[in-house]
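Q: Pasting a structure here, questions to come.
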Amino acid sequence: MITRITRLGRRGCDLVEALGRAGMFLGQSLVGRPSGEGVKLWLRQMHFIGVLSLAIILVSGLFIGMVLALQGYTILVDFGAEDALGQMVSLSLLRELAPVVAALLFAGRAGSALTAEIGLMKATEQLSSMEMIGVDPLKRVVAPRLWAGFVSLPLLTVGFSVIGIWGGHLVGVEWLGVYEGSYWGNMQASVDFVDDIGNGMLKSLVFALVVTWIAVFQGYDLVPTSEGISRATTRTVVYSSLAVLGLDFVLTALMFGEMG
Amino acid sequence: MDDSPLVVVEGLRFSRGDREIFRGVDMTIPRGKITAIMGPSGSGKTTLLKLIGGQLTPDAGRVMIDGEDIHAQSRKKLFTLRRRMGMLFQSGALFSDLSVFENVAFPLRVHTDLPEAMIRDVVLMKLEAVGLRGARELMPAELSGGMARRVALARALALDPELIFYDEPFVGQDPISMGVLVQLIRRVNDALGLTAVVVSHDIKETLSIADYVYVIADGKVMAHGTPESLNVDQDPRVSQFMHGEPDGPVPFHYPADDFHKDMLNAGVKR
Ligand SMILES: Nc1ncnc2c1ncn2[C@@H]1O[C@H](COP(=O)(O)OP(=O)(O)OP(=O)(O)O)[C@@H](O)[C@H]1O
Ligand SMILES: [Mg+2]
């Protein structure tokens, strides 16, 4: 019993310590003025993190939009409300599905790759040798990846929403025969720029910060062995998914809770 | 030339987990000389270099580099101080996403404003010195272990650092490149007046270039002196090490239980 309590206490201390390290890590990486070289490194990472995740995000967005339209239609048609299909598809995507699903896919596709890449650089002493050359790896390796993650996930989320809405149109209008004017018209009438698009983007920005931070920190902080790398990669995906889903609930409650 | 020592290590203590690696190490590394650090495998030579380079923090004691305590610097000052150092890592530690040429050019690109043509000249010169000018387009994954180490040496020398650490520079080299490297290390020292610290097990080669030698064992400096004085040292531990004898007072094994008892315990505990 006593040992259990001590173990719990130690776990707690470890957790607080890890959070502190992660916070210091984030601060030290992001503080500092940008340089021309930094922009070049950032663009390179935008390619690896953002552009290369585009395919999986767009394909998933398309299918999710199509499924939403199909499911929505079968329910709405019972009430003769299939004209509201555009509204349903767009609101579900903008408020909820695009930010959340894009973030989960991003954690699996880009987050795990970030962890493994940085972890391998650590295990092969590339980070140490960079330090000894007098270059701070937090600035050179970590910062461009963090910024690239912060910027690319919100952009990917926009892509996800747009193609999802188009997928809904494909199924709803082209296939199931919902009137085209009402699909777009109802959507325009009901989507609010700040409440829906703005809040959705805000969510996605928060997810981008959290997922990228977790991924990069797990890579930087891991035990430099092959087992350590595999564990850290798994942790990245698990922690970021849980963080995204948990935060989504909190943010939704704050944003849409009193809208009624 | 200023003849105060470049590096002073005082009362250094360091542990990894429960294992005490250093129990009070004192050392001075004179300017413009080659100092060798020798000792049994696992005695903490690599760890000592990392402590001197400020990558690890000691539990007690301090490391002064040119009068500045390296562990008391801000992160920014620390990185400025490190520009004056070069380190050849035991594993080479080349950047795996850059070609051989770009690896050697890296320190020049980040710390100087040299025009491209000049960078090219310097890089090719350094690669020529380690015999790998022809391998400049290869990626690190395409190099053999010995080649990677020589590229890493060229990279460590790229900026002609004031203080350079070589961690096992001779490992994995054939006799010819070994001879070339020995001469190279001696030559850059004589020509540029660099201060070098060489960690190595190759006693003959190391003694031939070192001006001063420290032998560490058991977390302490066991002996130090010029190569000549160590060679004739009467201390049995020193002579065992210097002449490479398996039996003697210096343990070859990592600390462990008695071997016979351990074997009899089979299946009971690990
Ligand atoms: N990352 C680490 N974590 C825990 N212990 C370590 C770590 N690195 C080294 N050690 C321990 O520290 C001791 C000293 O290691 P170090 O690498 O400094 O030895 P060394 O003298 O350079 O040996 P070698 O000549 O084989 O390179 C070893 O006993 C090793 O077990
Ligand atoms: Mg070593």
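Chain labels run A, B, ... following the order of the structure tokens; each chain numbers its residues from 1, and ligands are numbered from 1 in the order shown.
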Grab me every residue within 12 Å of ligand 1, counting only C-alpha atoms and all ligand atoms, and send it over as a VMD selection string.

A: (chain A and resid 122 to 123 125 222 to 225) or (chain B and resid 14 to 22 37 to 51 55 to 56 89 to 91 166 to 169 171 198 to 202 215 to 219 252 to 255)

Q: For range 152-160 of chain B, find every residue with an atom within 6 Å (counting only C-alpha atoms), except residues of its own chain fewer than 2 positions away, and show them as a VMD selection string.

A: chain B and resid 86 to 88 92 104 126 to 127 149 to 150

Q: Env of range 171-176 of chain A: 8 Å cut, atoms = only C-alpha atoms, seq-sep filter 5 positions within chain, self excluded. Answer as a list in words.

A: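 My list of contacting residues is Met66, Ala69, Leu70, Tyr73, Leu85 and Tyr183 of chain A.
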
Q: Mind checking which residues fall within 12 Å of Ser35 in chain A, counting only C-alpha atoms, ignoring those fewer than 5 positions away in the same chain, and posting them as a list of chain:residue names?

A: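 Once the adjacent positions are removed, what remains is A:Lys40, A:Leu41, A:Trp42, A:Lys139, A:Arg140, A:Ala143, A:Pro144, B:Val110.
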
Q: Atoms to include: N, CA, C and O atoms. Write the selected residues as a compact mmCIF listing (two decimals), in the first residue's frame.

A:
# COMPACT_ATOMS: atom_id res chain seq x y z
N LYS A 40 14.36 29.52 -44.90
CA LYS A 40 14.65 28.44 -45.86
C LYS A 40 14.39 27.08 -45.21
O LYS A 40 13.78 26.20 -45.81
N LEU A 41 14.87 26.94 -43.96
CA LEU A 41 14.67 25.66 -43.27
C LEU A 41 13.18 25.41 -43.04
O LEU A 41 12.71 24.28 -43.13
N TRP A 42 12.46 26.49 -42.74
CA TRP A 42 11.04 26.36 -42.49
C TRP A 42 10.31 25.90 -43.76
O TRP A 42 9.46 25.01 -43.71
N LYS A 139 17.18 25.66 -32.25
CA LYS A 139 16.89 26.68 -33.26
C LYS A 139 16.94 26.12 -34.67
O LYS A 139 16.16 26.48 -35.53
N ARG A 140 17.89 25.26 -34.90
CA ARG A 140 18.14 24.80 -36.26
C ARG A 140 17.25 23.62 -36.66
O ARG A 140 16.79 23.52 -37.78
N ALA A 143 12.96 24.35 -34.12
CA ALA A 143 12.10 25.50 -34.41
C ALA A 143 11.46 25.45 -35.80
O ALA A 143 10.24 25.63 -35.91
N PRO A 144 12.21 25.16 -36.87
CA PRO A 144 11.55 25.14 -38.18
C PRO A 144 10.45 24.09 -38.25
O PRO A 144 9.42 24.30 -38.90
N VAL B 110 27.48 28.16 -41.43
CA VAL B 110 26.74 28.77 -40.32
C VAL B 110 27.56 29.82 -39.58
O VAL B 110 26.98 30.71 -38.97

Q: Do me a favour and pick out the residues of chain A within 8 Å of chain B, using only C-alpha atoms, as a list in words.

A: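 That gives Thr124, Glu125, Gln126, Ser128, Ser129, Glu131, Met132, Ile133, Gly134, Val135 and Asp136 of chain A for chain A.
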
Q: Could you work out how far CA of Asn186 in chain A lies from CA of Thr74 in chain A, giving the answer in Å with one decimal?

A: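 Those two atoms sit 17.9 Å apart.
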
Q: Out of A:Gln71, A:Thr234, A:Ser90, A:Thr3, which residue has the shortest atom-to-atom distance to Gly185 in chain A when counting only C-alpha atoms?

A: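 Ranked by minimum distance to Gly185 in chain A, first place goes to A:Ser90.
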
Q: Suppose you want the space between CA of Ala243 in chain A and CA of Gly149 in chain A; what is it in Å?

A: 15.9 Å

Q: Where does DSSP see strand (DSSP E) in range 85-213 of chain B, if you list the residues as a list in words?

A: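 Here are the strand (DSSP E) residues of range 85-213 of chain B: Met85, Gly86, Met87, Leu88, Leu163, Ile164, Phe165, Tyr166, Asp167, Thr195, Ala196, Val197, Val198, Val199, Tyr212 and Val213 of chain B.
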
Q: Of the candidates B:Met242, B:Lys261, B:Gly11, B:Leu163, which shows the shortest atom-to-atom distance to Thr195 in chain B, using only C-alpha atoms?

A: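 Going through B:Met242, B:Lys261, B:Gly11, B:Leu163 one by one, the smallest distance to Thr195 in chain B is for B:Leu163.
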
Q: Between CA of Val238 in chain B and CA of Gly32 in chain B, what is the distance, to one decimal in Å?

A: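 Spanning CA of Val238 in chain B to CA of Gly32 in chain B is a straight-line distance of 26.0 Å.
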
Q: For the structure I just gave you, how does DSSP split range 43-191 of chain A - specifically, which residues are alpha helix (DSSP H)? Reply as an NGL selection string.

A: :A and (43-45 or 54-76 or 85-92 or 98-106 or 112-123 or 126-133 or 137 or 143-169 or 180-190)

Q: From the set B:Phe165, B:Ile209, B:Ser99, B:Lys33, which residue has the shortest atom-to-atom contact distance to ligand 2, counting only C-alpha atoms and all ligand atoms?

A: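 Ranked by minimum distance to ligand 2, first place goes to B:Phe165.
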